[in-house]
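K.L.:
Once you've had a glance at the structure underneath, I'll fire off some questions.
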Amino acid sequence: MGRSDKATKQPQEISPREEEILRAAFDVFTEKGFHGATMLDVASRARASKATLYARYPSKEALFEALMAWATRQGTDALDTIAADETLDPLTALHRIAAQLLALMLQPRKLALFRIAVAEGNRLSAVGRTYSVFTRDHGMACVRTIVTRLLKQGRIVIDDRAEFGHSFIGLLQGELFMRALLGTIPVPPRPEIDRHAQRAVTRLMRAYAAPASPRPEEDFTPHARSDRR
């Protein structure tokens, strides 16, 4: 098993002590950046020995990958719950998933880690993959479940599912996510996030809506025309 695979699975397996270490690591990495942080800094913040830290995470890179997996996994169970609820109208479910996914992306902790992941992406590709697994990819897997139901009901038409997914993410994030990521605006309150997500889904549904059924043709038989003379 590769290191990135271990990091991907770790959020569901960590002990309370490991969670304390990861919380300490988050504080250190966000305060000092990846390059400025040291394993000693994290060990001191977590009140652990370096030996204890290295026994769990053999390098700073491995620790950061585990941190990324743990932090980005938080809250994604709600997405699974929405997608699995077949009593929900699929459009309602899509609205709820969009709002929940955007709210997760806009959490200050996830924004902070995303900034570091972007900065380190060329050198630590596993970090970017881990972030994607527990945010965009996880959300898209849930969306695909809902899209299947919308297709079965004939409410949308999709020629390219990958293109649909790109459209969904692009509309969902929009300028709001970018401005929050850059720190030019504070993280919006949940009602604003919900409204933004609703507008994104509305635009998405318009773009992929199934053609309206044609109206029955008028009766243009000779008899019908003679009646209108």
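The way I read the labels, and the way they are meant: chains A, B, ... in the order of the structure tokens, residue 1 as the first residue of every chain, and ligand 1 as the first ligand shown, with later ones counted on from there.
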Just want the 10 Å neighbourhood of Arg109 of chain A, counted on only C-alpha atoms, with same-chain residues fewer than 2 positions away dropped. Output as a ChimeraX atom specification.

P.N.:
/A:26-27,30,68,71-72,104-107,111-114

K.L.:
What's around Leu91 of chain A at 9 Å? Count only C-alpha atoms, leave out sequence neighbours fewer than 3 positions away in its own chain, and write the answer as a ChimeraX atom specification.

P.N.:
/A:88,94-96,146-147,150,201,205

K.L.:
Could you give me, as a PyMOL selection string, the residues within 12 Å of Arg23 of chain A, counting only C-alpha atoms and dropping anything in the same chain fewer than 4 positions from it?

P.N.:
chain A and resi 16-19+27-30+42-43+45-47+63-64+66-68+70-71+109

K.L.:
Dump C-alpha atoms for the selected residues as an mmCIF file, in the first residue's frame?

P.N.:
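Wrote it out as result-v2.cif, contents follow:
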data_model
loop_
_atom_site.group_PDB
_atom_site.id
_atom_site.type_symbol
_atom_site.label_atom_id
_atom_site.label_comp_id
_atom_site.auth_asym_id
_atom_site.auth_seq_id
_atom_site.Cartn_x
_atom_site.Cartn_y
_atom_site.Cartn_z
ATOM 1 C CA PRO A 16 -8.317 10.209 19.566
ATOM 2 C CA ARG A 17 -4.585 10.712 20.139
ATOM 3 C CA GLU A 18 -3.901 10.805 16.410
ATOM 4 C CA GLU A 19 -6.667 13.355 16.028
ATOM 5 C CA ASP A 27 -2.265 24.779 13.491
ATOM 6 C CA VAL A 28 1.452 24.541 12.758
ATOM 7 C CA PHE A 29 1.122 24.154 8.988
ATOM 8 C CA THR A 30 -1.352 27.006 8.642
ATOM 9 C CA VAL A 42 4.150 19.633 15.551
ATOM 10 C CA ALA A 43 5.414 17.319 18.284
ATOM 11 C CA ARG A 45 2.282 21.589 19.863
ATOM 12 C CA ALA A 46 0.787 18.105 20.305
ATOM 13 C CA ARG A 47 2.779 17.494 23.498
ATOM 14 C CA LEU A 63 2.026 13.828 8.094
ATOM 15 C CA PHE A 64 0.666 16.517 5.792
ATOM 16 C CA ALA A 66 -2.686 12.403 6.559
ATOM 17 C CA LEU A 67 -3.744 15.857 7.751
ATOM 18 C CA MET A 68 -5.233 16.666 4.356
ATOM 19 C CA TRP A 70 -8.472 13.830 7.833
ATOM 20 C CA ALA A 71 -9.478 17.474 7.466
ATOM 21 C CA ARG A 109 -9.924 24.803 7.584
#

K.L.:
Would you mind telling me which residue in A:Gln198, A:Pro191, A:Gly139, A:Glu61 lies nearest to Arg123 of chain A when using only C-alpha atoms?

P.N.:
A:Glu61

K.L.:
Go ahead and compute the interatomic distance for atom CA of Gly183 of chain A and atom CA of Ala62 of chain A, in Å to one decimal.

P.N.:
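It comes out at 27.6 Å.
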
K.L.:
Using only C-alpha atoms, which of A:Ala83, A:Ala209, A:Ile14, A:Ala48 sits nearest Thr145 of chain A?

P.N.:
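The closest residue to Thr145 of chain A is A:Ala83.
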
K.L.:
What is the atom CA of Ala25 of chain A to atom CA of Tyr57 of chain A distance in Å?

P.N.:
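These atoms are spaced 11.5 Å apart.
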
K.L.:
Pick out the residues sitting within 12 Å of Ser125 of chain A, and hand them over as an NGL selection string; count only C-alpha atoms, and ignore anything fewer than 3 positions along from it in its own chain.

P.N.:
:A and (3-4 or 61 or 64-65 or 116-122 or 128-132)

K.L.:
Could you jot down the atom CA of Phe134 of chain A to atom CA of Tyr208 of chain A separation for me, Å, one decimal place?

P.N.:
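Atom CA of Tyr208 of chain A lies at a distance of 26.3 Å from atom CA of Phe134 of chain A.
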
K.L.:
Smallest atom-to-atom distance to Arg206 of chain A: which of A:Ser167, A:Gln173, A:Thr76, A:Thr81, using only C-alpha atoms?

P.N.:
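That would be A:Ser167, the residue with the smallest distance to Arg206 of chain A.
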